[in-house]
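For reference, model_8.txt (compact mmCIF, C-alpha atoms):
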# COMPACT_ATOMS: atom_id res chain seq x y z
CA MET D 3 -8.90 -10.99 0.87
CA SER D 4 -5.48 -11.72 2.40
CA CYS D 5 -3.30 -14.24 0.60
CA LYS D 6 -1.34 -15.56 3.57
CA LYS D 7 -0.99 -19.01 2.00
CA GLY D 8 1.05 -17.44 -0.77
CA MET D 9 3.36 -15.91 1.80
CA GLN D 10 4.72 -19.34 2.67
CA GLU D 11 5.57 -20.00 -0.97
CA HIS D 12 7.91 -17.06 -1.26
CA ASP D 13 11.26 -16.47 0.35
CA SER D 14 11.59 -12.75 0.99
CA HIS D 15 14.29 -10.96 2.92
CA ASN D 16 14.63 -7.76 4.91
CA LYS D 17 16.14 -4.59 3.52
CA HIS D 18 17.44 -1.99 5.94
CA THR D 19 17.58 1.65 5.00
CA ASP D 20 18.55 4.74 6.88
CA SER D 21 15.75 6.51 8.74
CA SER D 22 15.67 9.46 6.36
CA ASP D 23 14.53 7.22 3.48
CA SER D 24 11.99 5.19 5.41
CA SER D 25 10.42 8.11 7.26
CA SER D 26 9.19 9.66 4.01
CA ASN D 27 7.32 6.44 3.17
CA ARG D 28 5.69 6.04 6.56
CA MET D 29 2.03 6.58 7.24
CA SER D 30 0.75 9.55 9.19
CA PRO D 31 1.01 8.95 12.96
CA LYS D 32 -2.79 8.93 13.35
CA PHE D 33 -3.29 6.17 10.79
CA GLU D 34 -0.20 4.32 12.01
CA GLU D 35 -1.72 4.14 15.47
CA GLU D 36 -5.18 3.11 14.24
CA ALA D 37 -3.75 0.56 11.82
CA GLY D 38 -1.84 -1.07 14.68
CA VAL D 39 1.51 -0.59 13.00
CA SER D 40 4.62 -0.52 15.15
CA GLU D 41 8.35 -0.38 14.60
CA ASP D 42 8.34 -4.21 14.79
CA ASP D 43 6.35 -4.32 11.55
CA PHE D 44 9.34 -2.84 9.74
CA SER D 45 11.64 -5.66 10.91
CA LYS D 46 9.46 -8.48 9.47
CA GLU D 47 10.03 -10.03 6.06
CA GLN D 48 9.64 -7.32 3.48
CA ILE D 49 9.75 -6.69 -0.24
CA ILE D 50 10.71 -3.51 -2.01
CA VAL D 51 8.21 -1.94 -4.36
CA GLU D 52 9.26 0.80 -6.78
CA CYS D 53 6.61 3.06 -8.30
CA TYR D 54 6.82 4.58 -11.76
CA ASP D 55 7.99 7.88 -10.28
CA GLY D 56 11.04 6.13 -8.79
CA LYS D 57 10.05 6.16 -5.12
CA GLU D 58 10.65 2.91 -3.27
CA PHE D 59 8.64 1.42 -0.42
CA GLU D 60 9.58 -1.38 1.94
CA ILE D 61 6.41 -3.35 2.50
CA PRO D 62 5.82 -6.18 4.99
CA LEU D 63 5.22 -9.33 2.98
CA GLU D 64 1.83 -10.08 4.56
CA ILE D 65 0.57 -6.64 3.51
CA ALA D 66 2.01 -6.96 -0.01
CA MET D 67 0.31 -10.35 -0.38
CA MET D 68 -3.11 -8.65 -0.11
CA SER D 69 -2.63 -7.72 -3.76
CA PRO D 70 -3.17 -10.57 -6.24
CA VAL D 71 -0.98 -8.64 -8.71
CA VAL D 72 1.98 -8.70 -6.29
CA VAL D 73 1.36 -12.40 -5.55
CA ASP D 74 1.45 -13.16 -9.29
CA MET D 75 4.61 -11.09 -9.78
CA LEU D 76 6.36 -13.04 -7.02
CA LYS D 77 5.11 -16.43 -8.30
CA ASN D 78 6.23 -15.62 -11.83
CA ASN D 79 9.63 -14.36 -10.68
CA GLU D 80 8.91 -10.85 -11.99
CA TYR D 81 11.28 -9.19 -9.55
CA GLU D 82 14.91 -8.28 -9.18
CA GLU D 83 17.10 -9.36 -6.33
CA GLU D 84 19.00 -6.58 -4.68
CA LEU D 85 21.67 -6.42 -2.00
CA PRO D 86 21.11 -4.08 0.93
CA ASP D 87 22.38 -0.53 0.50
CA SER D 88 26.01 0.24 1.32
CA SER D 89 25.19 1.86 4.68
CA ASN D 90 24.48 -1.62 6.08
CA MET D 91 27.35 -3.29 4.28
CA PHE D 92 28.99 -4.48 7.49
CA SER D 93 25.85 -6.04 8.87
CA PRO D 94 26.57 -9.58 10.17
CA VAL D 95 23.78 -11.00 7.99
CA THR D 96 23.60 -9.90 4.38
CA LYS D 97 20.27 -10.75 2.81
CA VAL D 98 19.04 -10.34 -0.72
CA CYS D 99 15.78 -8.41 -1.14
CA LYS D 100 13.07 -8.92 -3.73
CA LYS D 101 12.22 -5.76 -5.60
CA ILE D 102 9.19 -5.39 -7.86
CA PHE D 103 8.29 -2.53 -10.17
CA LEU D 104 4.79 -1.09 -10.48
CA LYS D 105 4.90 0.71 -13.79
CA ASP D 106 1.41 2.25 -13.56
CA VAL D 107 1.21 3.20 -9.87
CA PRO D 108 2.38 6.58 -8.53
CA SER D 109 3.93 6.73 -5.06
CA PHE D 110 1.02 8.76 -3.67
CA GLY D 111 -1.46 6.09 -4.77
CA LEU D 112 0.64 3.25 -3.40
CA SER D 113 1.15 4.97 -0.04
CA ARG D 114 -2.64 5.38 0.35
CA VAL D 115 -3.30 1.76 -0.69
CA LEU D 116 -0.75 0.67 1.93
CA GLN D 117 -2.49 2.73 4.63
CA TYR D 118 -5.76 1.02 3.77
CA CYS D 119 -4.25 -2.49 3.63
CA LYS D 120 -2.30 -2.10 6.88
CA TYR D 121 -5.40 -0.98 8.73
CA HIS D 122 -7.60 -3.76 7.37
CA GLU D 123 -4.94 -6.42 7.93
CA ASN D 124 -4.72 -5.47 11.62
CA CYS D 125 -8.38 -4.77 12.46
CA ALA D 126 -9.61 -8.29 13.20
CA GLY D 127 -11.08 -7.37 16.61
CA LYS D 128 -12.85 -4.22 15.46
CA SER D 129 -16.54 -3.91 14.74
CA MET D 130 -17.92 -3.25 11.27
CA ARG D 131 -19.01 0.19 12.48
CA GLU D 132 -15.42 1.07 13.51
CA LYS D 133 -14.10 -0.13 10.14
CA ASP D 134 -16.72 1.86 8.24
CA PHE D 135 -15.94 4.97 10.29
CA TRP D 136 -12.21 4.58 9.58
CA ASP D 137 -12.89 4.07 5.86
CA ALA D 138 -15.05 7.22 5.72
CA GLU D 139 -12.42 9.26 7.56
CA PHE D 140 -9.70 7.83 5.31
CA LEU D 141 -11.51 8.96 2.16
CA ASP D 142 -12.55 12.33 3.60
CA GLN D 143 -8.89 13.34 3.63
CA GLY D 144 -8.74 13.56 -0.14
CA ASP D 145 -10.22 15.59 -2.94
CA VAL D 146 -11.78 14.00 -6.03
CA TYR D 147 -8.44 13.88 -7.87
CA SER D 148 -6.63 12.07 -5.03
CA ILE D 149 -9.48 9.56 -4.74
CA CYS D 150 -9.19 8.93 -8.50
CA VAL D 151 -5.45 8.28 -8.07
CA LEU D 152 -6.22 5.95 -5.16
CA ALA D 153 -8.89 4.15 -7.21
CA LYS D 154 -6.46 3.69 -10.10
CA ALA D 155 -3.77 2.28 -7.79
CA ALA D 156 -6.29 -0.04 -6.09
CA TYR D 157 -7.51 -1.20 -9.51
CA TYR D 158 -3.98 -1.86 -10.77
CA LEU D 159 -3.12 -3.81 -7.59
CA ASP D 160 -6.55 -5.54 -7.65
CA VAL D 161 -7.43 -4.72 -4.03
CA LYS D 162 -11.16 -5.34 -4.52
CA PRO D 163 -12.57 -3.90 -1.26
CA LEU D 164 -10.67 -0.66 -1.86
CA ILE D 165 -11.81 -0.53 -5.49
CA ASP D 166 -15.42 -0.82 -4.32
CA LEU D 167 -14.91 1.79 -1.59
CA THR D 168 -13.29 4.37 -3.87
CA CYS D 169 -15.87 3.87 -6.63
CA ARG D 170 -18.73 4.33 -4.15
CA GLU D 171 -17.07 7.47 -2.78
CA LEU D 172 -16.53 8.95 -6.25
CA ALA D 173 -20.13 8.20 -7.23
CA SER D 174 -21.36 9.81 -4.04
CA ARG D 175 -19.27 12.95 -4.57
CA LEU D 176 -20.27 13.32 -8.21
CA LYS D 177 -23.94 12.44 -7.77
CA LYS D 178 -25.17 15.99 -7.17
CA LYS D 179 -22.82 17.69 -9.63
CA SER D 180 -23.90 19.17 -12.93
CA PRO D 181 -22.02 18.16 -16.10
CA LYS D 182 -20.24 21.53 -16.05
CA GLU D 183 -19.12 21.03 -12.43
CA MET D 184 -17.81 17.55 -13.30
CA ILE D 185 -15.83 18.93 -16.23
CA ASP D 186 -14.33 21.57 -13.94
CA LEU D 187 -13.28 18.87 -11.46
CA PHE D 188 -11.34 16.96 -14.08
Encoded form (structure tokens):
Amino acid sequence: MSCKKGMQEHDSHNKHTDSSDSSSNRMSPKFEEEAGVSEDDFSKEQIIVECYDGKEFEIPLEIAMMSPVVVDMLKNNEYEEELPDSSNMFSPVTKVCKKIFLKDVPSFGLSRVLQYCKYHENCAGKSMREKDFWDAEFLDQGDVYSICVLAKAAYYLDVKPLIDLTCRELASRLKKKSPKEMIDLF
């Protein structure tokens, strides 16, 4: 699932932002802890991803490379290069960041896809039972609409395990509903 080979083909640079911008894009503390994410993860090579609603995320390159769509965008030079924001203008090292645009993905969907990818990238030592439990708990947090948004984002980014997971969850939730109840949901 992970495309770490592609990571070596791309030269990506860090972008530093003030803590008020990055804190709004961070995962919940519970999932941060379970996903094995630390402050060090935010200092690794990163790309900037902008959703259609204008919200930007700084994503570690190895997490971003889990999406074949992102890999293709980087290979095909479908990104803009951006200088760091003015608050870090006097930094001794000025690096250019790669910024990609996801025209069909809302920020809510992308943030949930990132939670999923970060957990599954860092869960090598965990049993299948632990992973399944985390997946079930992850999906239990949302209503049908939010799972549809997550499924759409996963589909657009081509994260196949998450596509399968969200489709199974939607089928399970809709299985016992009458046609009228389904219409009311949507």
When you look at Lys105 (chain D) with a cut-off of 9 Å (counting only C-alpha atoms), what residues show up, excluding the ones that are within fewer than 2 positions of it in the same chain? I need them as a PyMOL selection string.
chain D and resi 52-55+103+107-108
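Straight-line separation from CA of Pro62 (chain D) to CA of Lys101 (chain D): 12.4 Å.
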Which residue out of D:Trp136, D:Ile61, D:Leu159, D:Arg131 has the minimum interatomic distance to Met75 (chain D) when only C-alpha atoms are used?
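Looking at the shortest contact to Met75 (chain D), the residue is D:Leu159.
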Would you kindly return, as a PyMOL selection string, each protein, DNA or RNA residue with an atom no farther than 12 Å from any atom of Arg170 (chain D), considering all atoms listed in the file and excluding same-chain residues fewer than 3 positions away?
chain D and resi 137-138+141+149-150+153+163-167+173-177
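Comparing the minimum interatomic distances between Met67 (chain D) and each of D:Cys99, D:Ser113, D:Glu47, D:Thr168, counting all atoms listed in the file, we find that D:Glu47 sits nearest.
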Spatial neighbours of Arg114 (chain D), 8 Å, only C-alpha atoms, chain gap at least 4 places, as a compact mmCIF listing (two decimals) with C-alpha atoms, keeping the file's coordinate frame:
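Saved result, selection.txt, follows:
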# COMPACT_ATOMS: atom_id res chain seq x y z
CA PHE D 110 1.02 8.76 -3.67
CA TYR D 118 -5.76 1.02 3.77
CA LEU D 152 -6.22 5.95 -5.16
